[in-house]
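Structure file model.cif (mmCIF, C-alpha atoms and all ligand atoms) follows.
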data_upload
#
loop_
_atom_site.label_atom_id
_atom_site.label_comp_id
_atom_site.auth_asym_id
_atom_site.auth_seq_id
_atom_site.Cartn_x
_atom_site.Cartn_y
_atom_site.Cartn_z
CA MET A 559 8.87 7.65 -19.33
CA GLN A 560 10.94 6.06 -16.59
CA SER A 561 9.49 4.89 -13.27
CA LEU A 562 11.29 6.16 -10.15
CA MET A 563 10.54 5.80 -6.42
CA ILE A 564 10.20 9.20 -4.76
CA GLU A 565 10.58 10.35 -1.14
CA LEU A 566 7.89 12.93 -0.40
CA THR A 567 8.30 13.29 3.36
CA GLY A 568 8.18 17.00 4.20
CA LYS A 569 7.84 18.03 0.55
CA LYS A 570 5.34 20.68 -0.43
CA VAL A 571 2.63 19.18 -2.63
CA ILE A 572 -0.13 21.38 -4.05
CA ILE A 573 -3.28 19.79 -5.39
CA VAL A 574 -5.33 22.17 -7.49
CA GLY A 575 -8.94 21.02 -7.42
CA GLY A 576 -11.14 19.62 -4.70
CA GLY A 577 -13.14 16.98 -6.55
CA ARG A 578 -13.07 13.19 -6.95
CA ILE A 579 -9.70 12.97 -8.66
CA ALA A 580 -8.03 15.44 -6.28
CA ALA A 581 -9.28 13.29 -3.39
CA ARG A 582 -7.97 10.10 -5.00
CA LYS A 583 -4.49 11.56 -5.48
CA ALA A 584 -4.43 12.77 -1.86
CA LYS A 585 -5.41 9.28 -0.65
CA THR A 586 -2.58 7.79 -2.68
CA LEU A 587 -0.15 10.21 -1.01
CA ALA A 588 -1.64 9.87 2.48
CA LYS A 589 1.10 7.50 3.67
CA GLU A 590 3.93 9.69 2.37
CA LYS A 591 3.91 12.42 5.04
CA ALA A 592 4.03 15.16 2.42
CA SER A 593 2.84 18.62 3.29
CA ILE A 594 -0.31 18.87 1.17
CA THR A 595 -2.24 22.03 0.28
CA PHE A 596 -5.44 21.96 -1.75
CA ILE A 597 -6.47 25.01 -3.75
CA ALA A 598 -9.97 24.97 -5.24
CA LEU A 599 -13.14 26.90 -5.67
CA HIS A 600 -15.14 24.14 -4.00
CA PHE A 601 -14.19 21.09 -1.92
CA ARG A 602 -16.17 17.86 -1.86
CA GLU A 603 -16.92 16.40 1.57
CA GLU A 604 -14.33 13.61 1.14
CA VAL A 605 -11.54 16.20 0.74
CA LYS A 606 -12.64 18.06 3.87
CA VAL A 607 -12.61 14.81 5.88
CA LEU A 608 -9.19 13.80 4.53
CA SER A 609 -7.80 17.22 5.39
CA GLU A 610 -9.06 17.03 8.94
CA GLN A 611 -7.58 13.55 9.36
CA HIS A 612 -4.16 14.43 7.95
CA GLY A 613 -3.86 18.16 8.66
CA TYR A 614 -3.89 19.28 5.02
CA GLU A 615 -4.43 22.94 4.24
CA LEU A 616 -7.48 23.98 2.21
CA ILE A 617 -7.45 27.29 0.33
CA VAL A 618 -10.69 28.42 -1.28
CA LYS A 619 -9.78 30.37 -4.39
CA GLU A 620 -9.16 30.19 -8.10
CA ALA A 621 -5.57 28.97 -8.44
CA THR A 622 -3.01 31.36 -9.96
CA PRO A 623 0.62 30.70 -11.04
CA ASN A 624 1.84 32.62 -8.00
CA ASP A 625 0.26 30.02 -5.68
CA LEU A 626 2.46 27.26 -7.12
CA VAL A 627 5.98 28.74 -7.20
CA ASP A 628 7.38 26.94 -4.17
CA ALA A 629 5.73 23.53 -4.74
CA PHE A 630 7.89 20.43 -5.20
CA LEU A 631 5.00 18.54 -6.80
CA VAL A 632 1.86 20.07 -8.33
CA ILE A 633 -1.19 17.99 -9.19
CA LEU A 634 -3.50 19.85 -11.55
CA ALA A 635 -6.88 18.24 -10.98
CA THR A 636 -9.44 20.88 -11.84
CA ASN A 637 -12.22 20.14 -14.30
CA ASP A 638 -11.23 23.29 -16.23
CA ARG A 639 -9.04 22.34 -19.20
CA GLU A 640 -7.81 25.86 -19.81
CA ALA A 641 -6.91 26.42 -16.16
CA ASN A 642 -4.97 23.13 -15.99
CA GLN A 643 -3.07 24.01 -19.16
CA ALA A 644 -2.25 27.61 -18.16
CA LEU A 645 -1.07 26.56 -14.69
CA ALA A 646 1.07 23.74 -16.11
CA GLU A 647 2.74 26.17 -18.51
CA SER A 648 3.49 28.62 -15.69
CA LEU A 649 5.61 26.15 -13.70
CA SER A 650 9.40 26.01 -13.69
CA SER A 651 10.84 23.08 -15.62
CA ASN A 652 12.38 21.89 -12.31
CA GLN A 653 8.99 21.35 -10.71
CA LEU A 654 7.13 18.05 -10.87
CA VAL A 655 3.63 18.27 -12.31
CA CYS A 656 0.86 15.77 -12.95
CA VAL A 657 -1.91 17.03 -15.25
CA VAL A 658 -4.79 14.67 -14.64
CA ASP A 659 -6.75 15.39 -17.80
CA ARG A 660 -3.81 15.69 -20.25
CA ALA A 661 -0.83 13.56 -19.25
CA GLU A 662 1.52 14.94 -21.91
CA GLU A 663 1.35 18.46 -20.43
CA GLY A 664 2.95 17.19 -17.23
CA ASN A 665 6.17 15.37 -16.38
CA VAL A 666 4.89 12.79 -13.87
CA GLN A 667 2.04 10.29 -13.86
CA PHE A 668 0.68 8.16 -11.05
CA PRO A 669 0.89 4.40 -11.48
CA ALA A 670 -1.57 2.10 -9.74
CA THR A 671 0.25 0.42 -6.86
CA VAL A 672 -0.07 -2.82 -4.95
CA ARG A 673 1.77 -2.69 -1.61
CA ARG A 674 2.80 -5.64 0.49
CA GLY A 675 5.09 -4.22 3.13
CA HIS A 676 8.49 -3.54 1.55
CA LEU A 677 7.22 -4.85 -1.78
CA GLN A 678 5.61 -2.32 -4.05
CA LEU A 679 4.34 -3.21 -7.52
CA ALA A 680 3.57 -0.29 -9.81
CA ILE A 681 1.49 -0.60 -12.95
CA SER A 682 1.29 1.99 -15.69
CA THR A 683 0.17 2.17 -19.29
CA GLY A 684 1.37 5.77 -19.60
CA GLY A 685 -2.20 6.92 -20.13
CA ALA A 686 -2.92 4.40 -22.91
CA SER A 687 -5.50 2.54 -20.83
CA PRO A 688 -6.12 3.43 -17.16
CA LYS A 689 -8.86 0.76 -17.26
CA LEU A 690 -6.29 -1.94 -18.08
CA THR A 691 -4.07 -0.59 -15.28
CA ARG A 692 -6.95 -1.03 -12.87
CA LYS A 693 -7.72 -4.55 -14.10
CA LEU A 694 -4.07 -5.60 -13.76
CA LYS A 695 -3.96 -4.11 -10.26
CA LYS A 696 -6.86 -6.35 -9.21
CA GLU A 697 -5.14 -9.40 -10.70
CA LEU A 698 -1.88 -8.62 -8.90
CA GLU A 699 -3.73 -7.99 -5.62
CA SER A 700 -5.03 -11.54 -5.64
CA GLN A 701 -1.77 -13.04 -6.94
CA PHE A 702 0.31 -11.34 -4.21
CA ASP A 703 -1.41 -12.24 -0.95
CA GLU A 704 -0.48 -10.97 2.54
CA SER A 705 2.21 -13.67 2.96
CA TRP A 706 4.48 -11.38 0.94
CA THR A 707 4.50 -8.76 3.72
CA SER A 708 6.14 -11.00 6.33
CA TYR A 709 8.30 -12.66 3.66
CA LEU A 710 9.76 -9.24 2.73
CA ASP A 711 10.42 -8.49 6.43
CA PHE A 712 12.21 -11.83 6.62
CA LEU A 713 14.31 -11.10 3.50
CA ALA A 714 15.24 -7.64 4.78
CA LYS A 715 16.31 -9.03 8.15
CA CYS A 716 18.37 -11.86 6.63
CA ARG A 717 20.05 -9.45 4.21
CA GLU A 718 21.11 -7.23 7.10
CA ILE A 719 22.58 -10.20 8.98
CA ILE A 720 24.26 -11.74 5.93
CA LYS A 721 25.84 -8.42 4.87
CA ASN A 722 27.71 -8.36 8.21
CA LEU A 723 28.88 -12.00 8.21
CA PRO A 724 32.59 -12.77 7.72
CA LEU A 725 31.96 -14.51 4.40
CA SER A 726 33.21 -13.95 0.87
CA GLU A 727 30.97 -11.93 -1.51
CA GLN A 728 30.25 -15.18 -3.37
CA GLU A 729 29.11 -16.97 -0.21
CA LYS A 730 26.92 -14.02 0.76
CA ASN A 731 25.33 -13.99 -2.68
CA ASP A 732 24.70 -17.73 -2.53
CA ARG A 733 22.99 -17.40 0.85
CA LEU A 734 20.83 -14.49 -0.37
CA CYS A 735 19.78 -16.54 -3.41
CA LEU A 736 18.74 -19.52 -1.26
CA LEU A 737 16.25 -17.27 0.60
CA LEU A 738 14.23 -16.96 -2.61
CA ASP A 739 13.08 -20.57 -2.22
CA GLU A 740 9.25 -20.58 -2.04
CA ARG A 741 9.22 -22.60 1.18
CA TYR A 742 10.31 -19.53 3.15
CA ARG A 743 7.37 -17.46 1.92
CA PHE A 744 4.79 -20.05 2.84
CA ASN A 745 6.23 -21.08 6.15
CA GLU A 746 7.04 -18.68 8.98
CA GLU A 747 8.62 -21.56 10.97
CA GLU A 748 11.19 -21.96 8.18
CA GLN A 749 11.82 -18.22 8.36
CA LYS A 750 12.47 -18.32 12.11
CA MET A 751 14.78 -21.33 11.78
CA GLU A 752 16.80 -19.62 9.06
CA ILE A 753 17.21 -16.42 11.10
CA ASN A 754 18.25 -18.46 14.15
CA SER A 755 20.84 -20.38 12.18
CA LEU A 756 22.22 -17.17 10.61
CA GLU A 757 22.47 -15.54 14.03
CA LYS A 758 24.47 -18.51 15.27
CA ILE A 759 27.22 -18.04 12.70
CA ILE A 760 30.10 -16.68 14.79
CA ILE A 761 31.58 -13.37 13.71
C1 LIG B 801 -3.80 4.29 -12.09
C2 LIG B 801 -4.59 5.50 -11.63
C3 LIG B 801 -3.88 6.00 -10.38
C4 LIG B 801 -4.38 7.30 -9.80
O1 LIG B 801 -5.35 7.94 -10.25
O2 LIG B 801 -3.72 7.72 -8.83
C5 LIG B 801 -4.67 6.44 -12.79
N1 LIG B 801 -5.90 6.49 -13.30
C6 LIG B 801 -6.75 5.73 -12.58
C7 LIG B 801 -8.09 5.50 -12.89
C8 LIG B 801 -8.85 6.06 -13.98
N2 LIG B 801 -8.39 6.97 -14.87
C9 LIG B 801 -9.43 7.27 -15.75
C10 LIG B 801 -10.58 6.54 -15.38
C11 LIG B 801 -11.94 6.62 -16.07
C12 LIG B 801 -12.11 5.50 -17.05
C13 LIG B 801 -11.33 5.64 -18.34
O3 LIG B 801 -11.46 6.64 -19.05
O4 LIG B 801 -10.60 4.71 -18.65
C14 LIG B 801 -10.19 5.76 -14.29
C15 LIG B 801 -11.04 4.77 -13.52
C16 LIG B 801 -11.76 5.48 -12.40
O5 LIG B 801 -11.68 6.71 -12.24
O6 LIG B 801 -12.45 4.77 -11.71
C17 LIG B 801 -9.43 8.19 -16.89
C18 LIG B 801 -8.25 9.00 -17.20
N3 LIG B 801 -7.00 8.89 -16.63
C19 LIG B 801 -6.19 9.82 -17.21
C20 LIG B 801 -6.94 10.58 -18.13
C21 LIG B 801 -6.41 11.76 -18.92
C22 LIG B 801 -5.60 11.32 -20.09
O7 LIG B 801 -6.10 10.51 -20.87
O8 LIG B 801 -4.46 11.77 -20.19
C23 LIG B 801 -8.23 10.03 -18.16
C24 LIG B 801 -9.39 10.41 -19.01
C25 LIG B 801 -10.13 11.56 -18.30
C26 LIG B 801 -11.34 12.01 -19.06
O9 LIG B 801 -11.15 12.58 -20.15
O10 LIG B 801 -12.43 11.79 -18.54
C27 LIG B 801 -4.82 10.01 -16.93
C28 LIG B 801 -4.05 9.31 -16.02
N4 LIG B 801 -4.51 8.41 -15.12
C29 LIG B 801 -3.47 7.84 -14.48
C30 LIG B 801 -3.55 7.07 -13.33
C31 LIG B 801 -2.18 8.18 -15.17
C32 LIG B 801 -1.83 7.07 -16.18
C33 LIG B 801 -2.16 5.66 -15.65
C34 LIG B 801 -2.04 4.57 -16.68
O11 LIG B 801 -2.38 4.72 -17.86
O12 LIG B 801 -1.59 3.49 -16.30
C35 LIG B 801 -2.57 9.47 -15.91
C36 LIG B 801 -1.91 9.63 -17.27
C37 LIG B 801 -2.17 10.72 -15.13
C38 LIG B 801 -2.50 10.66 -13.66
O13 LIG B 801 -3.68 10.89 -13.30
O14 LIG B 801 -1.58 10.41 -12.88
C39 LIG B 801 -6.09 5.19 -11.37
C40 LIG B 801 -6.38 3.73 -11.01
C41 LIG B 801 -6.66 3.72 -9.54
C42 LIG B 801 -6.81 2.38 -8.96
O15 LIG B 801 -7.79 1.68 -9.24
O16 LIG B 801 -5.93 2.05 -8.18
N1 LIG B 802 -6.37 11.15 -14.04
C1 LIG B 802 -7.42 10.43 -13.80
O1 LIG B 802 -7.31 9.33 -13.28
C2 LIG B 802 -8.77 10.94 -14.21
C3 LIG B 802 -9.87 10.08 -14.14
C4 LIG B 802 -11.12 10.58 -14.47
C5 LIG B 802 -11.26 11.93 -14.83
N2 LIG B 802 -10.15 12.74 -14.89
C6 LIG B 802 -10.23 14.20 -15.22
O2 LIG B 802 -9.89 14.89 -13.99
C7 LIG B 802 -10.52 16.18 -13.96
C8 LIG B 802 -11.15 16.41 -12.58
O3 LIG B 802 -12.18 15.45 -12.37
P1 LIG B 802 -13.04 15.43 -11.02
O4 LIG B 802 -13.98 14.28 -11.17
O5 LIG B 802 -12.14 15.47 -9.85
O6 LIG B 802 -13.85 16.84 -11.16
P2 LIG B 802 -14.79 17.55 -10.10
O7 LIG B 802 -15.82 18.26 -10.88
O8 LIG B 802 -15.21 16.58 -9.05
O9 LIG B 802 -13.84 18.62 -9.39
C9 LIG B 802 -13.30 19.73 -10.05
C10 LIG B 802 -12.64 20.63 -9.01
O10 LIG B 802 -11.89 21.64 -9.67
C11 LIG B 802 -12.12 22.88 -8.98
N3 LIG B 802 -11.76 23.99 -9.91
C12 LIG B 802 -12.22 24.23 -11.15
N4 LIG B 802 -11.58 25.29 -11.68
C13 LIG B 802 -10.68 25.72 -10.77
C14 LIG B 802 -9.68 26.75 -10.73
N5 LIG B 802 -9.49 27.57 -11.76
N6 LIG B 802 -8.91 26.87 -9.62
C15 LIG B 802 -9.09 26.05 -8.56
N7 LIG B 802 -10.02 25.06 -8.55
C16 LIG B 802 -10.79 24.89 -9.63
C17 LIG B 802 -13.56 22.81 -8.56
O11 LIG B 802 -13.82 23.74 -7.51
C18 LIG B 802 -13.64 21.35 -8.10
O12 LIG B 802 -13.16 21.24 -6.77
C19 LIG B 802 -11.52 16.18 -15.11
O13 LIG B 802 -10.96 16.98 -16.14
C20 LIG B 802 -11.61 14.73 -15.56
O14 LIG B 802 -11.82 14.65 -16.95
C21 LIG B 802 -8.93 12.27 -14.58
#

Is it possible to give me this structure as structure tokens?
Amino acid sequence: MQSLMIELTGKKVIIVGGGRIAARKAKTLAKEKASITFIALHFREEVKVLSEQHGYELIVKEATPNDLVDAFLVILATNDREANQALAESLSSNQLVCVVDRAEEGNVQFPATVRRGHLQLAISTGGASPKLTRKLKKELESQFDESWTSYLDFLAKCREIIKNLPLSEQEKNDRLCLLLDERYRFNEEEQKMEINSLEKIII
């Protein structure tokens, strides 16, 4: 399996199931501005609260293949093995589907993610050990502290400026490499000074 970043803004996502795992997937997607619909026989309180906060649609029914035809991404999160399998089989091969109790029946899996602004670290064992994934996520969370958020803003800003400078490709690359020096991450004064000096280079 290959990891890809995916833009879900405005995409139709259907989560079948209204339990703990359905809620966890919805929380993961909460920042993505997808259009989320839950279909389940019963919804736990957490799902109802999430739906009110984010405007998700809740449909109380047993899910059928017909409910899923226009979904971009389907997350099959019922606790009914046969239902998850039958619904997965009914989908078009062009649709994305995550089967939470049998990864190999789907074509996408959720990694654990650590986000620090523009930096996103994704961890996956492809279903071999979600417990290890979780443990590694905790380790990375403490290794990558909040300083990375402003450092990534700094790198993005410098890259934008450097791209537009009247320099050779080699000089631009050299400047971009210098920004990876640790002193910039630890020290916001250094960041400001670097941006000031870049902005002074006359175009
Ligand atoms: C990373 C994370 C993200 C998320 O959920 O968004 C995630 N699982 C997490 C936690 C977790 N998962 C499980 C437990 C119970 C303890 C245990 O059994 O170990 C716990 C811990 C808990 O729940 O506390 C059990 C489990 N997981 C899967 C199966 C079915 C199977 O084996 O195929 C079963 C057995 C079910 C059963 O039979 O009971 C399948 C998948 N779980 C995945 C993702 C995908 C592969 C990830 C990978 O391997 O790296 C994949 C393939 C599909 C998918 O769901 O996308 C999230 C960490 C959240 C965080 O801490 O940030
Ligand atoms: N992927 C993961 O990370 C992970 C982790 C732990 C467990 N699981 C597996 O995920 C599944 C769901 O776990 P849970 O804790 O969320 O279960 P849960 O019991 O909390 O919720 C199950 C939900 O499925 C709904 N449902 C059942 N049959 C349905 C149908 N035919 N149509 C529509 N809705 C239906 C129920 O109404 C309920 O809302 C289980 O099979 C569990 O083994 C996955």

Could you produce a table of the residues of region 617-692 of chain A lying within 6 Å of region 702-721 of chain A, with the nearest pair of atoms per residue and their separation in Å rounded to one decimal, using all atoms listed in the file, ordered by chain and increasing residue number, as a Markdown table?
| residue | atom | partner | partner_atom | distance |
| --- | --- | --- | --- | --- |
| A:Arg674 | CA | A:Thr707 | CA | 4.8 |
| A:Gly675 | CA | A:Thr707 | CA | 4.6 |
| A:His676 | CA | A:Leu710 | CA | 6.0 |

*Within 9 Å of ligand LIG 802 (chain B), counting all atoms listed in the file, residues as a PyMOL selection string*: chain A and resi 574-583+596-602+618-622+634-642+645+656-661+667-668+685+688

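Shortest separation to ligand LIG 801 (chain B) among A:Ala646, A:Val571, A:Val672, A:Leu736 occurs at residue A:Val672, atoms counted being all atoms listed in the file.
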
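Going from CA of Ile633 (chain A) to CA of Glu647 (chain A) covers 13.0 Å.
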
*Using all atoms listed in the file, which residues sit within 10 Å of Lys589 (chain A) once same-chain residues fewer than 2 positions away are excluded, as a VMD selection string?*
chain A and resid 566 to 567 584 to 587 591 to 592 612

Residue contacts of Ala680 (chain A) (7 Å, only C-alpha atoms) excluding same-chain residues fewer than 5 positions away, as a PDB file with C-alpha atoms, in the frame of the given file:
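The resulting file, around09.pdb, is shown below:
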ATOM      1  CA  PRO A 669       0.890   4.400 -11.480  1.00  0.00           C
ATOM      2  CA  ALA A 670      -1.570   2.100  -9.740  1.00  0.00           C
ATOM      3  CA  THR A 671       0.250   0.420  -6.860  1.00  0.00           C
ATOM      4  CA  VAL A 672      -0.070  -2.820  -4.950  1.00  0.00           C
TER       5      VAL A 672
END

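One finds atom O1 of ligand LIG 801 (chain B) at 15.6 Å from CA of Glu604 (chain A).
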
Could you give me, as a PDB file with C-alpha atoms, in the coordinates of the input, the residues that have an atom at most 8 Å away from the point (4.8, 19.3, -2.5) in the coordinates of the file, using all atoms listed in the file?
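point17.pdb was written with the following content:
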ATOM      1  CA  LEU A 566       7.890  12.930  -0.400  1.00  0.00           C
ATOM      2  CA  GLY A 568       8.180  17.000   4.200  1.00  0.00           C
ATOM      3  CA  LYS A 569       7.840  18.030   0.550  1.00  0.00           C
ATOM      4  CA  LYS A 570       5.340  20.680  -0.430  1.00  0.00           C
ATOM      5  CA  VAL A 571       2.630  19.180  -2.630  1.00  0.00           C
ATOM      6  CA  ILE A 572      -0.130  21.380  -4.050  1.00  0.00           C
ATOM      7  CA  ALA A 592       4.030  15.160   2.420  1.00  0.00           C
ATOM      8  CA  SER A 593       2.840  18.620   3.290  1.00  0.00           C
ATOM      9  CA  ILE A 594      -0.310  18.870   1.170  1.00  0.00           C
ATOM     10  CA  ALA A 629       5.730  23.530  -4.740  1.00  0.00           C
ATOM     11  CA  PHE A 630       7.890  20.430  -5.200  1.00  0.00           C
ATOM     12  CA  LEU A 631       5.000  18.540  -6.800  1.00  0.00           C
ATOM     13  CA  VAL A 632       1.860  20.070  -8.330  1.00  0.00           C
TER      14      VAL A 632
END

*Which residue out of A:Glu757, A:Glu662, A:Glu699, A:Asp625 has the minimum interatomic distance to ligand LIG 801 (chain B) when all atoms listed in the file are used?*
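Among the listed residues, the smallest separation from ligand LIG 801 (chain B) belongs to A:Glu662.
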
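The smallest atom-to-atom distance between ligand LIG 801 (chain B) and any of A:Ala644, A:Leu677, A:Leu694, A:Val607, using all atoms listed in the file, is found for A:Leu694.
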
Kindly compute an axis-aligned box around the listed atoms of ligand LIG 801 (chain B), allowing 5 Å on each side, and express its centre and edge lengths in Å to one decimal as lines of an AutoDock Vina configuration file.
center_x = -7.0
center_y = 7.1
center_z = -14.5
size_x = 20.9
size_y = 20.9
size_z = 22.7

_If I take CA of Lys693 (chain A) and CA of Gly664 (chain A), how far is one from the other in Å, to one decimal?_
24.4 Å
